[in-house]
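K.L.:
My structure file final_21.cif, mmCIF, C-alpha atoms and all ligand atoms, is below:
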```
data_model
loop_
_atom_site.label_atom_id
_atom_site.label_comp_id
_atom_site.auth_asym_id
_atom_site.auth_seq_id
_atom_site.Cartn_x
_atom_site.Cartn_y
_atom_site.Cartn_z
CA MET A 915 -32.21 4.88 -5.60
CA TYR A 916 -30.73 4.28 -2.14
CA LYS A 917 -32.50 0.95 -1.96
CA LYS A 918 -31.12 -0.08 -5.34
CA ILE A 919 -27.57 0.87 -4.45
CA GLU A 920 -27.91 -1.05 -1.20
CA GLU A 921 -28.86 -4.11 -3.23
CA VAL A 922 -26.00 -3.79 -5.71
CA LYS A 923 -23.46 -2.81 -3.00
CA LEU A 924 -20.93 -1.56 -5.55
CA LEU A 925 -20.49 1.93 -6.93
CA PRO A 926 -17.91 1.82 -9.70
CA LEU A 927 -15.87 4.98 -10.00
CA TYR A 928 -14.86 5.81 -13.51
CA THR A 929 -12.79 8.58 -15.07
CA ALA A 930 -13.47 8.71 -18.78
CA THR A 931 -10.49 8.79 -21.11
CA ASP A 932 -12.05 7.57 -24.33
CA LEU A 933 -15.71 7.85 -25.28
CA THR A 934 -15.46 4.93 -27.68
CA LEU A 935 -15.05 2.59 -24.70
CA LEU A 936 -18.40 3.49 -23.19
CA ASP A 937 -20.60 1.06 -25.11
CA ARG A 938 -18.42 -1.79 -23.91
CA LEU A 939 -18.47 -0.43 -20.38
CA GLU A 940 -22.26 -0.19 -20.36
CA GLU A 941 -22.53 -3.73 -21.70
CA ILE A 942 -20.26 -5.07 -18.94
CA LEU A 943 -22.18 -3.30 -16.19
CA ILE A 944 -25.54 -4.52 -17.46
CA LYS A 945 -24.29 -8.07 -17.91
CA ASN A 946 -23.13 -8.17 -14.29
CA GLU A 947 -26.23 -6.39 -12.98
CA VAL A 948 -24.22 -3.49 -11.61
CA ARG A 949 -26.40 -0.77 -13.05
CA PHE A 950 -24.61 2.06 -11.29
CA ILE A 951 -21.68 4.19 -12.26
CA GLU A 952 -20.06 7.33 -10.91
CA VAL A 953 -18.31 9.31 -13.63
CA THR A 954 -15.76 11.65 -12.10
CA PHE A 955 -15.15 15.27 -12.96
CA ARG A 956 -11.46 14.51 -13.22
CA SER A 957 -11.33 14.55 -16.98
CA LYS A 958 -12.73 16.80 -19.67
CA LEU A 959 -14.84 13.90 -20.86
CA ALA A 960 -16.98 13.74 -17.70
CA ALA A 961 -20.00 15.55 -19.14
CA PRO A 962 -20.12 13.75 -22.52
CA ALA A 963 -19.52 10.41 -20.78
CA ILE A 964 -22.42 11.02 -18.38
CA LYS A 965 -24.60 11.94 -21.34
CA LYS A 966 -23.64 8.89 -23.36
CA LEU A 967 -23.96 6.43 -20.48
CA SER A 968 -27.36 7.87 -19.52
CA ALA A 969 -28.79 7.71 -23.03
CA SER A 970 -30.18 4.18 -23.00
CA GLY A 971 -31.73 4.55 -19.55
CA GLU A 972 -30.26 1.18 -18.55
CA LEU A 973 -27.79 2.60 -16.02
CA ILE A 974 -28.13 4.92 -13.07
CA VAL A 975 -25.37 7.37 -13.87
CA GLY A 976 -24.00 9.77 -11.31
CA ALA A 977 -21.32 12.42 -11.27
CA GLY A 978 -18.36 12.20 -8.90
CA THR A 979 -15.64 14.56 -7.73
CA VAL A 980 -18.21 17.37 -7.93
CA ARG A 981 -16.55 20.27 -6.12
CA THR A 982 -18.48 23.24 -7.52
CA LEU A 983 -22.04 24.29 -8.25
CA GLU A 984 -21.09 24.68 -11.89
CA GLU A 985 -19.98 21.05 -12.13
CA ALA A 986 -23.18 19.93 -10.41
CA LYS A 987 -25.27 21.87 -12.93
CA ILE A 988 -23.33 20.49 -15.91
CA ALA A 989 -23.70 16.97 -14.50
CA VAL A 990 -27.46 17.33 -14.12
CA GLU A 991 -27.87 18.91 -17.57
CA ASN A 992 -26.14 15.86 -19.02
CA GLY A 993 -28.33 13.36 -17.20
CA ALA A 994 -26.63 12.66 -13.87
CA GLN A 995 -29.06 11.12 -11.42
CA PHE A 996 -26.94 11.55 -8.32
CA ILE A 997 -23.97 13.61 -7.20
CA VAL A 998 -20.91 12.59 -5.18
CA SER A 999 -18.48 15.12 -3.72
CA PRO A 1000 -15.14 14.59 -1.98
CA ALA A 1001 -16.20 17.03 0.78
CA VAL A 1002 -19.22 18.80 2.26
CA VAL A 1003 -19.81 21.50 -0.37
CA PRO A 1004 -22.81 23.62 0.71
CA GLU A 1005 -23.63 25.03 -2.75
CA VAL A 1006 -23.60 21.55 -4.28
CA ILE A 1007 -25.74 20.09 -1.51
CA GLU A 1008 -28.26 22.96 -1.66
CA TYR A 1009 -28.56 22.63 -5.43
CA CYS A 1010 -29.13 18.86 -5.22
CA ILE A 1011 -31.80 19.29 -2.54
CA GLN A 1012 -33.52 21.87 -4.73
CA GLN A 1013 -33.33 19.48 -7.70
CA GLU A 1014 -34.50 16.56 -5.51
CA LEU A 1015 -31.37 14.67 -6.47
CA PRO A 1016 -29.51 12.27 -4.16
CA VAL A 1017 -26.20 13.76 -3.02
CA PHE A 1018 -23.38 11.97 -1.23
CA PRO A 1019 -21.07 14.53 0.38
CA GLY A 1020 -17.59 13.37 1.32
CA THR A 1021 -17.04 13.15 5.07
CA ALA A 1022 -14.22 11.90 7.28
CA THR A 1023 -14.86 13.39 10.73
CA PRO A 1024 -17.78 13.77 13.17
CA GLY A 1025 -17.87 17.47 12.26
CA ASP A 1026 -18.29 16.69 8.54
CA ILE A 1027 -21.04 14.16 9.22
CA GLN A 1028 -22.84 16.59 11.53
CA ARG A 1029 -22.78 19.28 8.82
CA ALA A 1030 -24.15 16.82 6.25
CA THR A 1031 -26.96 15.66 8.56
CA GLU A 1032 -27.97 19.28 9.16
CA TYR A 1033 -29.09 19.28 5.51
CA GLY A 1034 -31.18 16.19 6.18
CA ILE A 1035 -28.67 13.90 4.47
CA LYS A 1036 -28.77 10.32 5.71
CA VAL A 1037 -26.13 8.68 3.50
CA VAL A 1038 -22.62 10.12 3.34
CA LYS A 1039 -19.50 9.20 1.48
CA PHE A 1040 -16.66 8.31 3.87
CA PHE A 1041 -13.45 9.41 2.20
CA PRO A 1042 -10.59 8.58 2.05
CA ALA A 1043 -11.74 5.52 3.94
CA ASP A 1044 -8.41 3.75 4.41
CA ILE A 1045 -6.55 6.85 5.59
CA TYR A 1046 -9.31 7.92 8.02
CA GLY A 1047 -9.52 4.65 9.88
CA GLY A 1048 -11.47 2.36 7.57
CA LEU A 1049 -13.99 0.02 9.08
CA LYS A 1050 -12.85 0.77 12.63
CA ALA A 1051 -13.64 4.46 12.17
CA ILE A 1052 -17.03 3.73 10.62
CA LYS A 1053 -17.93 1.51 13.58
CA ALA A 1054 -16.98 4.28 15.99
CA LEU A 1055 -18.82 6.99 14.02
CA SER A 1056 -21.94 4.81 13.81
CA GLY A 1057 -22.31 5.10 17.59
CA PRO A 1058 -23.40 8.74 17.71
CA PHE A 1059 -24.46 8.78 14.05
CA TYR A 1060 -26.62 5.64 14.41
CA ASP A 1061 -29.08 6.93 11.81
CA VAL A 1062 -26.46 7.63 9.11
CA LYS A 1063 -25.36 5.21 6.40
CA PHE A 1064 -21.89 5.28 4.88
CA LEU A 1065 -20.54 4.88 1.38
CA PRO A 1066 -16.81 4.34 1.96
CA THR A 1067 -14.38 5.05 -0.87
CA GLY A 1068 -10.64 5.50 -1.12
CA GLY A 1069 -8.32 2.56 -0.77
CA ILE A 1070 -11.08 -0.03 -0.97
CA SER A 1071 -9.88 -3.11 -2.82
CA GLN A 1072 -10.88 -6.56 -3.97
CA GLU A 1073 -9.18 -7.86 -0.78
CA ASN A 1074 -11.07 -5.76 1.77
CA PHE A 1075 -14.40 -4.71 0.24
CA THR A 1076 -16.41 -7.64 1.61
CA ASP A 1077 -15.24 -6.77 5.17
CA TYR A 1078 -16.75 -3.32 4.71
CA LEU A 1079 -19.98 -4.74 3.33
CA GLN A 1080 -20.57 -6.85 6.41
CA ASN A 1081 -21.20 -3.71 8.43
CA ASP A 1082 -24.89 -2.70 8.57
CA SER A 1083 -24.08 1.00 8.47
CA ILE A 1084 -22.45 0.61 5.08
CA ILE A 1085 -24.84 0.94 2.17
CA ALA A 1086 -22.27 0.12 -0.54
CA VAL A 1087 -18.58 0.57 -1.32
CA GLY A 1088 -17.18 2.74 -4.07
CA GLY A 1089 -13.91 3.02 -5.84
CA SER A 1090 -11.73 2.62 -8.84
CA PHE A 1091 -11.01 -1.03 -8.01
CA ILE A 1092 -14.39 -2.06 -9.46
CA LEU A 1093 -13.67 -1.02 -13.03
CA SER A 1094 -10.44 -0.91 -14.92
CA GLU A 1095 -9.79 -0.09 -18.51
CA ASP A 1096 -8.20 -3.50 -18.81
CA MET A 1097 -11.74 -4.73 -18.76
CA PHE A 1098 -12.28 -3.31 -22.17
CA ARG A 1099 -9.52 -5.39 -23.64
CA GLU A 1100 -10.42 -8.98 -24.27
CA ASP A 1101 -7.32 -10.90 -23.23
CA GLU A 1102 -6.95 -14.29 -24.74
CA GLY A 1103 -8.88 -16.77 -22.67
CA LYS A 1104 -10.06 -14.17 -20.16
CA PRO A 1105 -13.45 -12.50 -20.54
CA ALA A 1106 -13.32 -8.70 -20.39
CA ASP A 1107 -15.60 -8.54 -17.39
CA GLU A 1108 -13.82 -11.17 -15.31
CA ASN A 1109 -12.82 -8.73 -12.56
CA LEU A 1110 -16.36 -7.38 -12.10
CA ARG A 1111 -17.87 -10.84 -12.31
CA GLN A 1112 -15.59 -11.98 -9.48
CA LEU A 1113 -16.48 -9.01 -7.28
CA VAL A 1114 -20.19 -9.65 -7.76
CA SER A 1115 -19.78 -13.33 -6.93
CA GLN A 1116 -17.79 -12.46 -3.78
CA ILE A 1117 -20.80 -10.42 -2.61
CA LYS A 1118 -23.25 -13.23 -3.32
CA ASN A 1119 -21.18 -15.84 -1.46
C1 LIG B 1201 -12.95 8.75 -4.68
O1 LIG B 1201 -12.98 9.85 -5.21
O2 LIG B 1201 -13.94 8.22 -4.21
C2 LIG B 1201 -11.63 8.09 -4.52
O3 LIG B 1201 -10.64 8.77 -5.20
C3 LIG B 1201 -11.65 6.65 -4.85
O4 LIG B 1201 -10.47 6.12 -4.39
P1 LIG B 1201 -9.83 4.80 -5.00
O5 LIG B 1201 -9.27 5.18 -6.33
O6 LIG B 1201 -8.79 4.39 -3.99
O7 LIG B 1201 -10.92 3.78 -5.14
#
```
Any chance you could put this one into structure tokens?
P.N.:
Amino acid sequence: MYKKIEEVKLLPLYTATDLTLLDRLEEILIKNEVRFIEVTFRSKLAAPAIKKLSASGELIVGAGTVRTLEEAKIAVENGAQFIVSPAVVPEVIEYCIQQELPVFPGTATPGDIQRATEYGIKVVKFFPADIYGGLKAIKALSGPFYDVKFLPTGGISQENFTDYLQNDSIIAVGGSFILSEDMFREDEGKPADENLRQLVSQIKN
């Protein structure tokens, strides 16, 4: 899974508001070969959305904003294949290790990263990336944590994401900038997946 995410380089963050949009969403992700999505536990629809998006087996669906063991269990029961947390949450990490599931704990400081590595974790979320020093901070942290890879999220945008991706310690970038519900509305003359298509082509160029 880590290898695949490193190839795709984008982890779309999505908070479900309407389950009827999910078929369209899946279609757009497949069409653009971004077969990853992180569905956040920030809405009541997180569990059913994970279930629905996992059903076809075409996407690698993860759960985000997982702050409790209960949420992690619900996510896994509904088909989540990886877990993302905004912080280092021991009970979530221990559960994922036991389930042999990739887990990306949120880190921002050397202390956070150290705690994550003590569980054997080699890829951490760096959050909120823009507030905690962005690329400059990741470069500095990669000195002592030379064997850790980062998944920055928080304040990443269409304007700066390729700068992040040039750094070898960064496995992929995540965020809400990758998907927007506008994508589900076909504007006249503009394909619904235009934004995602552009991001993917920026990576390839
Ligand atoms: C996260 O949980 O990773 C962040 O809230 C994403 O931040 P963004 O909305 O700025 O991408």
K.L.:
I'd like a table as a tab-separated table: residues in chain A with an atom no more than 12 Å from ligand LIG 1201 (chain B), each row giving the shortest atom pair and its distance in Å to one decimal, all atoms listed in the file counted, sorted by chain and rising residue number.
P.N.:
```
residue	atom	partner	partner_atom	distance
A:Leu924	CA	B:LIG1201	O7	11.4
A:Leu925	CA	B:LIG1201	O2	9.5
A:Pro926	CA	B:LIG1201	O7	8.6
A:Leu927	CA	B:LIG1201	C3	6.9
A:Tyr928	CA	B:LIG1201	O5	9.1
A:Thr929	CA	B:LIG1201	O1	9.9
A:Ile951	CA	B:LIG1201	O2	11.9
A:Glu952	CA	B:LIG1201	O2	9.1
A:Val953	CA	B:LIG1201	O1	10.0
A:Thr954	CA	B:LIG1201	O1	7.6
A:Phe955	CA	B:LIG1201	O1	9.7
A:Arg956	CA	B:LIG1201	O1	9.4
A:Ala977	CA	B:LIG1201	O1	10.6
A:Gly978	CA	B:LIG1201	O1	6.9
A:Thr979	CA	B:LIG1201	O1	6.0
A:Val980	CA	B:LIG1201	O1	9.6
A:Arg981	CA	B:LIG1201	O1	11.1
A:Ile997	CA	B:LIG1201	O2	11.8
A:Val998	CA	B:LIG1201	O2	8.3
A:Ser999	CA	B:LIG1201	O1	7.8
A:Pro1000	CA	B:LIG1201	O1	6.1
A:Ala1001	CA	B:LIG1201	O1	9.9
A:Phe1018	CA	B:LIG1201	O2	10.6
A:Pro1019	CA	B:LIG1201	O2	10.6
A:Gly1020	CA	B:LIG1201	O2	8.4
A:Thr1021	CA	B:LIG1201	O2	11.0
A:Val1038	CA	B:LIG1201	O2	11.7
A:Lys1039	CA	B:LIG1201	O2	8.0
A:Phe1040	CA	B:LIG1201	O2	8.5
A:Phe1041	CA	B:LIG1201	O2	6.5
A:Pro1042	CA	B:LIG1201	C2	6.7
A:Ala1043	CA	B:LIG1201	O4	8.4
A:Asp1044	CA	B:LIG1201	O6	8.4
A:Ile1045	CA	B:LIG1201	O6	10.1
A:Leu1065	CA	B:LIG1201	O2	9.3
A:Pro1066	CA	B:LIG1201	O2	7.8
A:Thr1067	CA	B:LIG1201	O2	4.6
A:Gly1068	CA	B:LIG1201	O4	3.3
A:Gly1069	CA	B:LIG1201	O6	3.7
A:Ile1070	CA	B:LIG1201	O7	5.7
A:Ser1071	CA	B:LIG1201	O7	7.3
A:Gln1072	CA	B:LIG1201	O7	10.4
A:Asn1074	CA	B:LIG1201	O7	11.8
A:Phe1075	CA	B:LIG1201	O7	10.6
A:Val1087	CA	B:LIG1201	O7	9.1
A:Gly1088	CA	B:LIG1201	O2	6.4
A:Gly1089	CA	B:LIG1201	O7	3.2
A:Ser1090	CA	B:LIG1201	O7	4.0
A:Phe1091	CA	B:LIG1201	O7	5.6
A:Ile1092	CA	B:LIG1201	O7	8.1
A:Leu1093	CA	B:LIG1201	O7	9.6
A:Ser1094	CA	B:LIG1201	O5	10.6
```
K.L.:
Excluding A:Arg1111 and any residue of its chain fewer than 5 positions from it, enumerate the residues within 12 Å of it, using only C-alpha atoms, and give them as a PyMOL selection string.
P.N.:
chain A and resi 924+942-948+1072+1092-1093+1097+1104-1106+1116-1118
K.L.:
For the residues in that selection, give me C-alpha atoms as a PDB file, in the coordinates of the input.
P.N.:
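File produced: result-v9.pdb:
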```pdb
ATOM      1  CA  LEU A 924     -20.930  -1.560  -5.550  1.00  0.00           C
ATOM      2  CA  ILE A 942     -20.260  -5.070 -18.940  1.00  0.00           C
ATOM      3  CA  LEU A 943     -22.180  -3.300 -16.190  1.00  0.00           C
ATOM      4  CA  ILE A 944     -25.540  -4.520 -17.460  1.00  0.00           C
ATOM      5  CA  LYS A 945     -24.290  -8.070 -17.910  1.00  0.00           C
ATOM      6  CA  ASN A 946     -23.130  -8.170 -14.290  1.00  0.00           C
ATOM      7  CA  GLU A 947     -26.230  -6.390 -12.980  1.00  0.00           C
ATOM      8  CA  VAL A 948     -24.220  -3.490 -11.610  1.00  0.00           C
ATOM      9  CA  GLN A1072     -10.880  -6.560  -3.970  1.00  0.00           C
ATOM     10  CA  ILE A1092     -14.390  -2.060  -9.460  1.00  0.00           C
ATOM     11  CA  LEU A1093     -13.670  -1.020 -13.030  1.00  0.00           C
ATOM     12  CA  MET A1097     -11.740  -4.730 -18.760  1.00  0.00           C
ATOM     13  CA  LYS A1104     -10.060 -14.170 -20.160  1.00  0.00           C
ATOM     14  CA  PRO A1105     -13.450 -12.500 -20.540  1.00  0.00           C
ATOM     15  CA  ALA A1106     -13.320  -8.700 -20.390  1.00  0.00           C
ATOM     16  CA  GLN A1116     -17.790 -12.460  -3.780  1.00  0.00           C
ATOM     17  CA  ILE A1117     -20.800 -10.420  -2.610  1.00  0.00           C
ATOM     18  CA  LYS A1118     -23.250 -13.230  -3.320  1.00  0.00           C
TER      19      LYS A1118
END
```
K.L.:
Which is closest to A:Leu1113 among A:Ile1035, A:Ala1054, A:Val1006, A:Leu1079, if we use only C-alpha atoms?
P.N.:
A:Leu1079
K.L.:
Using Å and a single decimal, report how far atom CA of A:Ala1086 sits from atom CA of A:Leu933.
P.N.:
26.7 Å
K.L.:
Give the answer as one residue: which of A:Lys958, A:Lys1036, A:Lys966, A:Arg938 has the shortest atom-to-atom distance to A:Phe1064, using only C-alpha atoms?
P.N.:
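Of A:Lys958, A:Lys1036, A:Lys966, A:Arg938, the one nearest A:Phe1064, counting only C-alpha atoms, is A:Lys1036.
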K.L.:
Measuring between all atoms listed in the file, which one of A:Glu940, A:Lys1050, A:Ala961, A:Val1062 shows the shortest distance to A:Ala994?
P.N.:
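Closest to A:Ala994, using all atoms listed in the file: A:Ala961.
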K.L.:
What's the separation between atom CA of A:Tyr1078 and atom CA of A:Leu1049, in Å to one decimal place?
P.N.:
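Atom CA of A:Leu1049 lies 6.2 Å from atom CA of A:Tyr1078.
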K.L.:
Using all atoms listed in the file for the distances, tell me which of A:Ser968, A:Asn1081, A:Gln1013, A:Asn1109 is nearest to A:Ile1052.
P.N.:
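Among the listed residues, A:Asn1081 lies closest to A:Ile1052.
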K.L.:
Ranking A:Pro1016, A:Gly993, A:Gly1025, A:Gly1034 by minimum distance to A:Pro1058 and counting all atoms listed in the file, which one comes first?
P.N.:
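Distance minimum relative to A:Pro1058 lands on A:Gly1025.
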K.L.:
Mind pulling up the distance from atom CA of A:Ile1011 to atom CA of A:Arg1029?
P.N.:
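Separation of atom CA of A:Arg1029 and atom CA of A:Ile1011: 14.5 Å.
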K.L.:
Complete stretch 1048-1078 of chain A at the level of N, CA and C atoms, written as a compact mmCIF listing (two decimals), keeping the file's coordinate frame.
P.N.:
```
# COMPACT_ATOMS: atom_id res chain seq x y z
N GLY A 1048 -10.76 3.50 8.15
CA GLY A 1048 -11.47 2.36 7.57
C GLY A 1048 -12.68 1.92 8.38
N LEU A 1049 -12.84 0.62 8.44
CA LEU A 1049 -13.99 0.02 9.08
C LEU A 1049 -14.08 0.38 10.57
N LYS A 1050 -12.91 0.45 11.20
CA LYS A 1050 -12.85 0.77 12.63
C LYS A 1050 -13.46 2.16 12.88
N ALA A 1051 -13.11 3.09 12.02
CA ALA A 1051 -13.64 4.46 12.17
C ALA A 1051 -15.15 4.47 11.92
N ILE A 1052 -15.59 3.74 10.92
CA ILE A 1052 -17.03 3.73 10.62
C ILE A 1052 -17.81 3.14 11.80
N LYS A 1053 -17.26 2.10 12.40
CA LYS A 1053 -17.93 1.51 13.58
C LYS A 1053 -18.04 2.54 14.70
N ALA A 1054 -16.97 3.28 14.92
CA ALA A 1054 -16.98 4.28 15.99
C ALA A 1054 -17.95 5.43 15.66
N LEU A 1055 -17.94 5.87 14.41
CA LEU A 1055 -18.82 6.99 14.02
C LEU A 1055 -20.29 6.59 14.04
N SER A 1056 -20.55 5.29 13.82
CA SER A 1056 -21.94 4.81 13.81
C SER A 1056 -22.57 4.81 15.19
N GLY A 1057 -21.76 4.99 16.23
CA GLY A 1057 -22.31 5.10 17.59
C GLY A 1057 -23.19 6.34 17.67
N PRO A 1058 -22.57 7.52 17.65
CA PRO A 1058 -23.40 8.74 17.71
C PRO A 1058 -24.25 8.95 16.46
N PHE A 1059 -23.71 8.57 15.30
CA PHE A 1059 -24.46 8.78 14.05
C PHE A 1059 -25.15 7.47 13.65
N TYR A 1060 -25.96 6.95 14.59
CA TYR A 1060 -26.62 5.64 14.41
C TYR A 1060 -27.63 5.65 13.26
N ASP A 1061 -28.07 6.84 12.87
CA ASP A 1061 -29.08 6.93 11.81
C ASP A 1061 -28.47 7.32 10.46
N VAL A 1062 -27.15 7.26 10.36
CA VAL A 1062 -26.46 7.63 9.11
C VAL A 1062 -25.89 6.37 8.47
N LYS A 1063 -25.99 6.32 7.14
CA LYS A 1063 -25.36 5.21 6.40
C LYS A 1063 -24.13 5.75 5.66
N PHE A 1064 -23.18 4.86 5.46
CA PHE A 1064 -21.89 5.28 4.88
C PHE A 1064 -21.63 4.60 3.54
N LEU A 1065 -21.01 5.39 2.67
CA LEU A 1065 -20.54 4.88 1.38
C LEU A 1065 -19.02 5.09 1.39
N PRO A 1066 -18.26 4.12 1.90
CA PRO A 1066 -16.81 4.34 1.96
C PRO A 1066 -16.15 4.25 0.58
N THR A 1067 -15.20 5.11 0.35
CA THR A 1067 -14.38 5.05 -0.87
C THR A 1067 -12.97 5.51 -0.52
N GLY A 1068 -12.03 5.11 -1.36
CA GLY A 1068 -10.64 5.50 -1.12
C GLY A 1068 -9.89 4.36 -0.48
N GLY A 1069 -9.11 3.67 -1.29
CA GLY A 1069 -8.32 2.56 -0.77
C GLY A 1069 -9.11 1.28 -0.57
N ILE A 1070 -10.33 1.22 -1.06
CA ILE A 1070 -11.08 -0.03 -0.97
C ILE A 1070 -10.57 -0.93 -2.11
N SER A 1071 -10.47 -2.21 -1.83
CA SER A 1071 -9.88 -3.11 -2.82
C SER A 1071 -10.65 -4.43 -2.86
N GLN A 1072 -10.27 -5.23 -3.82
CA GLN A 1072 -10.88 -6.56 -3.97
C GLN A 1072 -10.64 -7.39 -2.69
N GLU A 1073 -9.53 -7.09 -1.99
CA GLU A 1073 -9.18 -7.86 -0.78
C GLU A 1073 -10.02 -7.46 0.43
N ASN A 1074 -10.39 -6.18 0.52
CA ASN A 1074 -11.07 -5.76 1.77
C ASN A 1074 -12.53 -5.35 1.61
N PHE A 1075 -13.07 -5.30 0.39
CA PHE A 1075 -14.40 -4.71 0.24
C PHE A 1075 -15.51 -5.52 0.92
N THR A 1076 -15.35 -6.84 0.98
CA THR A 1076 -16.41 -7.64 1.61
C THR A 1076 -16.43 -7.42 3.13
N ASP A 1077 -15.27 -7.10 3.73
CA ASP A 1077 -15.24 -6.77 5.17
C ASP A 1077 -16.11 -5.54 5.42
N TYR A 1078 -15.94 -4.54 4.57
CA TYR A 1078 -16.75 -3.32 4.71
C TYR A 1078 -18.24 -3.65 4.59
```
